[in-house]
Structure formats: structure tokens, C-alpha cells
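Working notes for the structure below.
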Amino acid sequence: MCVYPFRYICEKQSPSLFVESQVIKQFTEELDEANVLVNFHGEVHENRISEILGDVESKLESTEEDFKKQRKVYNILVETLQNLYHHTDTLANADGKKVVTLILGKQEDEYAILAANYIDLDNIPPLKAKLDKINSLDKDGLRAYYKEVLDNGQYSVHGGGGLGMIDIARKSGNKLDYHFSEVSDTFGLYVLKLKV
Amino acid sequence: MDPIKIEGTPKTPTVHFDAESGVLEIKGRSIPENAVEFYKPLVDWIGAYGDSAKPDTTVNIQLEYFNTSSSKCILDVFKKLESVNGKTNININWHYEEDDEDMLEAGEDYQAIINIPFKMIEMEEM
């Protein structure tokens with residue numbers, strides 16, 4: 001049965017590897033179904049990102065009374081989605097499609113976000129080092145690190161230049177809870193959980 | 001010199017750069033997937049503006065939110081302004097919504113890097 005709000009995606013794509021992930025399974029089980037605002041699994045591209053963000057924005061406007069929280073959650077989701085879009089490694093058999101999972105749920109006053117994407121095993125060590133560095137810093141340390149990367153003169157093709165995860169950590173105010181698992185000899189699954 | 005007039009979209013800000021009045025404004029949201037494309041013409045315009053600038057230039061930044069793809073591009077805009085500061089006397093007004101600490105901090109971060117006077121302006125509603 002298709003449990004995703006974007007049903008047409010489910011029909012075309014097999015979510016098998018993601019669904020088999022214990023981390024994702026557990027995360028979904030802990031959320032009361034009624035409090036799931038977004039449960040997306042499928043290919044991301046620019047139009048799809050706009051669709052999801054539009055959907056999130058209208059849902060937050062109708063369910064979240066605290067305007068500042070509304071904006072914070074929205075901002076973090078923008079960054080998370082664009083991060084997924086720019087950094088997902090495509091599987092050899094996926095025709096260049098970037099397949100990701102994004103879940104947003106609300107537990108009382110707290111929002112829980114899960115983002116998952118495929119990653120080349122070679123890309124795990126540098127990403128892990130960066131996530132560990134971010135997690136080792138307090139609020140002021142994160143701000144200093146952000147400023148350092150902002151002004152380091154290095155640009156990625158899309159202009160972000162390594163600020164995404166630092167920004168997400170700063171805005172969420174919580175540690176980044178990440179998991180890596182191996183899918184094949186060359187690919188792994190990267191799951192990031194956030195609380196806002 | 002021709003002004004820049006760009007209407008805002010859900011992902012890109014409204015831009016109004018006017019050499020005649022010496023007022024440069026960026027307002028709204030800036031969350032494009034690729035911000036470099038959007039900001040490069042603005043940076044180029046500022047470079048050209050330096051040669052025929054008014055004695056005083058006011059820069060109004062009133063962003064509701066920007067993504068990290070825009071962060072470095074906005075820094076580039078400020079660095080270009082810094083490079084023409086002297087040919088014209090530049091003042092930057094950084095607007096942020098009441099209690100929006102993230103946006104206030106973002107302005108302070110730029111202020112710490114850029115050697116142009118910044119004025120932080122808190123607004124009730126953007």
C-alpha cells in the first residue's frame with residue numbers, strides 16, 4: 001500500500017532500500033500518524049522542491065500558531081531539501097535520478113525531521129568528519145565556524161560552499177543525529193534526524 | 001546607467017538598484033537552488049555603478065529569509081560595495097523582523113566581515 005502523500009511517485013518508484021532502514025522505520029513508528037506533516041519518498045528536482053515547500057508552508061500556517069517556529073521549521077526544511085538535492089549521490093541503476101526520503105512530524109511542541117539519501121561510500125568519511133566537528137561546537141562556536149566558512153572564498157557550483165549543515169545545526173539548536181549504513185560495496189544510506 | 005528592476009518570486013527577492021537616486025534595495029526571500037546565477041548581474045552592476053555613483057548610496061536589505069546558497073552571494077554583493085566605498089559614501093540598512101534573532105545574527109555576521117557602516121533596523125512586520 002502506498003503511504004506517501006505524493007502517490008504518483010510511489011507507483012513509479014520502489015522505496016525498498018529506504019523502507020528496510022531500521023532508523024527510518026523506527027522514526028516513522030514513533031510519530032503518531034496524525035502528526036505527520038510530510039512523508040515524501042521519491043525523486044527530487046527543482047520543481048518538486050518547490051511543490052514540497054509550498055505544501056509544508058501551507059500546512060505549517062494552518063497547524064503552527066507560533067509564527068517564529070513556523071519560519072524556523074520552514075527555513076530548516078528549505079536547507080535540508082536543497083542539501084539533499086545538491087548532495088545526493090545517484091545509484092548506478094537509477095538513471096541519474098536523485099531519490100530521497102523526507103519526513104516532517106510534530107511531537108507536542110517539537111518538530112522532528114528525517115532526511116535520507118544515498119551516498120557514495122567514499123564520501124562518508126569527509127561528511128562524518130564535518131558532522132562531528134559541527135556537533136562538537138556550542139552556539140558561539142557554530143557561529144564562528146559559519147563566519148569562517150562564509151568568508152573562506154570557496155564556492156561550490158551552486159554557491160553554498162559548505163554552509164548548509166552548519167546553518168541547519170545553528171537554526172535547529174540541537175545536535176545533528178546521523179546514521180550511515182552500507183547498501184552495497186560502493187553505496188551507503190545517509191540518514192539525518194533533526195529536532196526543532 | 002540603467003537601473004535593475006527585478007520582481008520577486010517565491011524563491012527570489014525583489015531587486016531595485018537605481019543609480020539616479022543612489023538607492024539599492026533587495027527585499028523578500030532568497031532561496032534559489034543556484035544563487036550564483038541570480039546575484040552575478042547585481043555584483044557586476046555595482047562594479048559599474050562605482051564609476052558614476054552619487055556622493056551617497058543607501059543600501060536597503062530587507063530579507064525575510066535566505067538560504068546558504070545565497071549567503072556567499074550576498075557577501076559578494078557587500079564585498080563589491082566595499083570596493084566602491086570611497087567613490088561613494090555607502091550606508092547599509094539591514095532590516096529584520098521583530099524578534100527574528102536568526103536574521104539579526106545573520107546581519108551581524110556580515111557586519112563583522114564588511115568594512116561599511118551597518119544599521120540594524122527592527123521592523124514590526126516585513
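Chain labels run A, B, ... following the order of the C-alpha cells; each chain numbers its residues from 1, and ligands are numbered from 1 in the order shown.
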Could you produce a table of the residues of chain B lying within 8 Å of chain A, with the nearest pair of atoms per residue and their separation in Å rounded to one decimal, using only C-alpha atoms, ordered by chain and increasing residue number, as CSV?
```
residue,atom,partner,partner_atom,distance
B:Ile31,CA,A:Val78,CA,7.6
B:Glu33,CA,A:Gln82,CA,6.6
B:Asn34,CA,A:His158,CA,4.7
B:Ala35,CA,A:Gly159,CA,6.2
B:Val36,CA,A:Gly159,CA,5.7
B:Tyr65,CA,A:Asn75,CA,7.4
B:Asn67,CA,A:Glu79,CA,6.4
B:Thr68,CA,A:Gly160,CA,5.3
B:Ser69,CA,A:Gly160,CA,3.8
B:Ser70,CA,A:Gly159,CA,7.0
B:Ser71,CA,A:Gly160,CA,7.2
B:Lys72,CA,A:Leu150,CA,6.0
B:Cys73,CA,A:Gly159,CA,7.1
B:Leu75,CA,A:Leu150,CA,7.9
B:Asp100,CA,A:Lys68,CA,7.2
B:Asp102,CA,A:Lys171,CA,7.3
B:Asp109,CA,A:Lys147,CA,6.5
B:Ile113,CA,A:Asp151,CA,7.7
```
Atoms kept (N, CA and C atoms) for selection, written as a PDB file, in the first residue's frame:
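Final file, selection.pdb:
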```
ATOM      1  N   ILE B  31      15.797  32.055  -1.866  1.00  0.00           N
ATOM      2  CA  ILE B  31      16.057  30.626  -1.657  1.00  0.00           C
ATOM      3  C   ILE B  31      16.190  29.848  -2.974  1.00  0.00           C
ATOM      4  N   GLU B  33      17.847  27.437  -5.821  1.00  0.00           N
ATOM      5  CA  GLU B  33      18.797  26.320  -5.729  1.00  0.00           C
ATOM      6  C   GLU B  33      20.187  26.790  -6.146  1.00  0.00           C
ATOM      7  N   ASN B  34      20.228  27.660  -7.127  1.00  0.00           N
ATOM      8  CA  ASN B  34      21.508  28.201  -7.571  1.00  0.00           C
ATOM      9  C   ASN B  34      21.471  29.728  -7.510  1.00  0.00           C
ATOM     10  N   ALA B  35      22.076  30.270  -6.466  1.00  0.00           N
ATOM     11  CA  ALA B  35      22.005  31.712  -6.251  1.00  0.00           C
ATOM     12  C   ALA B  35      23.033  32.477  -7.071  1.00  0.00           C
ATOM     13  N   VAL B  36      24.104  31.793  -7.485  1.00  0.00           N
ATOM     14  CA  VAL B  36      25.182  32.477  -8.217  1.00  0.00           C
ATOM     15  C   VAL B  36      24.632  33.159  -9.467  1.00  0.00           C
ATOM     16  N   TYR B  65      14.064  35.770   4.527  1.00  0.00           N
ATOM     17  CA  TYR B  65      14.872  34.568   4.713  1.00  0.00           C
ATOM     18  C   TYR B  65      15.772  34.368   3.511  1.00  0.00           C
ATOM     19  N   ASN B  67      18.696  31.318   1.861  1.00  0.00           N
ATOM     20  CA  ASN B  67      19.335  30.012   2.046  1.00  0.00           C
ATOM     21  C   ASN B  67      20.855  30.166   1.997  1.00  0.00           C
ATOM     22  N   THR B  68      21.556  29.063   2.293  1.00  0.00           N
ATOM     23  CA  THR B  68      23.021  29.188   2.333  1.00  0.00           C
ATOM     24  C   THR B  68      23.623  29.331   0.937  1.00  0.00           C
ATOM     25  N   SER B  69      22.875  28.920  -0.096  1.00  0.00           N
ATOM     26  CA  SER B  69      23.358  29.146  -1.458  1.00  0.00           C
ATOM     27  C   SER B  69      23.419  30.657  -1.728  1.00  0.00           C
ATOM     28  N   SER B  70      22.540  31.412  -1.084  1.00  0.00           N
ATOM     29  CA  SER B  70      22.542  32.874  -1.241  1.00  0.00           C
ATOM     30  C   SER B  70      23.555  33.557  -0.328  1.00  0.00           C
ATOM     31  N   SER B  71      23.922  32.906   0.780  1.00  0.00           N
ATOM     32  CA  SER B  71      24.765  33.552   1.800  1.00  0.00           C
ATOM     33  C   SER B  71      26.052  34.133   1.226  1.00  0.00           C
ATOM     34  N   LYS B  72      26.781  33.292   0.472  1.00  0.00           N
ATOM     35  CA  LYS B  72      28.065  33.767  -0.064  1.00  0.00           C
ATOM     36  C   LYS B  72      27.856  34.805  -1.165  1.00  0.00           C
ATOM     37  N   CYS B  73      26.735  34.675  -1.887  1.00  0.00           N
ATOM     38  CA  CYS B  73      26.438  35.647  -2.946  1.00  0.00           C
ATOM     39  C   CYS B  73      26.122  37.011  -2.345  1.00  0.00           C
ATOM     40  N   LEU B  75      27.300  38.028   0.473  1.00  0.00           N
ATOM     41  CA  LEU B  75      28.614  38.531   0.906  1.00  0.00           C
ATOM     42  C   LEU B  75      29.355  39.166  -0.275  1.00  0.00           C
ATOM     43  N   ASP B 100      13.229  38.268  15.308  1.00  0.00           N
ATOM     44  CA  ASP B 100      13.840  37.261  14.428  1.00  0.00           C
ATOM     45  C   ASP B 100      15.353  37.271  14.670  1.00  0.00           C
ATOM     46  N   ASP B 102      17.587  34.962  14.275  1.00  0.00           N
ATOM     47  CA  ASP B 102      18.413  34.360  13.215  1.00  0.00           C
ATOM     48  C   ASP B 102      18.805  35.425  12.186  1.00  0.00           C
ATOM     49  N   ASP B 109      26.739  39.029  11.402  1.00  0.00           N
ATOM     50  CA  ASP B 109      27.852  38.257  10.833  1.00  0.00           C
ATOM     51  C   ASP B 109      28.457  38.984   9.625  1.00  0.00           C
ATOM     52  N   ILE B 113      32.332  41.175   8.973  1.00  0.00           N
ATOM     53  CA  ILE B 113      33.274  40.896   7.874  1.00  0.00           C
ATOM     54  C   ILE B 113      33.495  42.132   6.999  1.00  0.00           C
TER      55      ILE B 113
END
```
message = Please return, as a ChimeraX atom specification, all residues of range 38-84 of chain B that DSSP assigns to helix (DSSP H, G or I) on the basis of the backbone.
response = /B:38-52,68-84
Pairwise distance for CA of Ile134 in chain A and CA of Lys195 in chain A, rounded to one decimal in Å =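 Between CA of Ile134 in chain A and CA of Lys195 in chain A the gap is 15.3 Å.
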inquiry  = Please list as a ChimeraX atom specification every residue within 8 Å of range 18-30 of chain B, counting only C-alpha atoms and excluding residues in the same chain fewer than 2 positions away.
reply    = /B:1-4,8-16,32,49,53-54,56-67,70
Give me, as a compact mmCIF listing (two decimals) with C-alpha atoms, in the first residue's frame, all polymer residues having an atom no more than 10 Å from Asp32 in chain A, counting only C-alpha atoms and skipping those fewer than 6 positions away in the same chain.
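In the end it all went to around-v9.txt:
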```txt
# COMPACT_ATOMS: atom_id res chain seq x y z
CA GLY A 105 6.38 15.25 12.03
CA LYS A 106 5.22 17.09 15.11
CA GLN A 107 5.51 15.68 18.62
```
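We find CA of Leu104 in chain B and CA of Lys119 in chain B to be spaced 10.8 Å apart.
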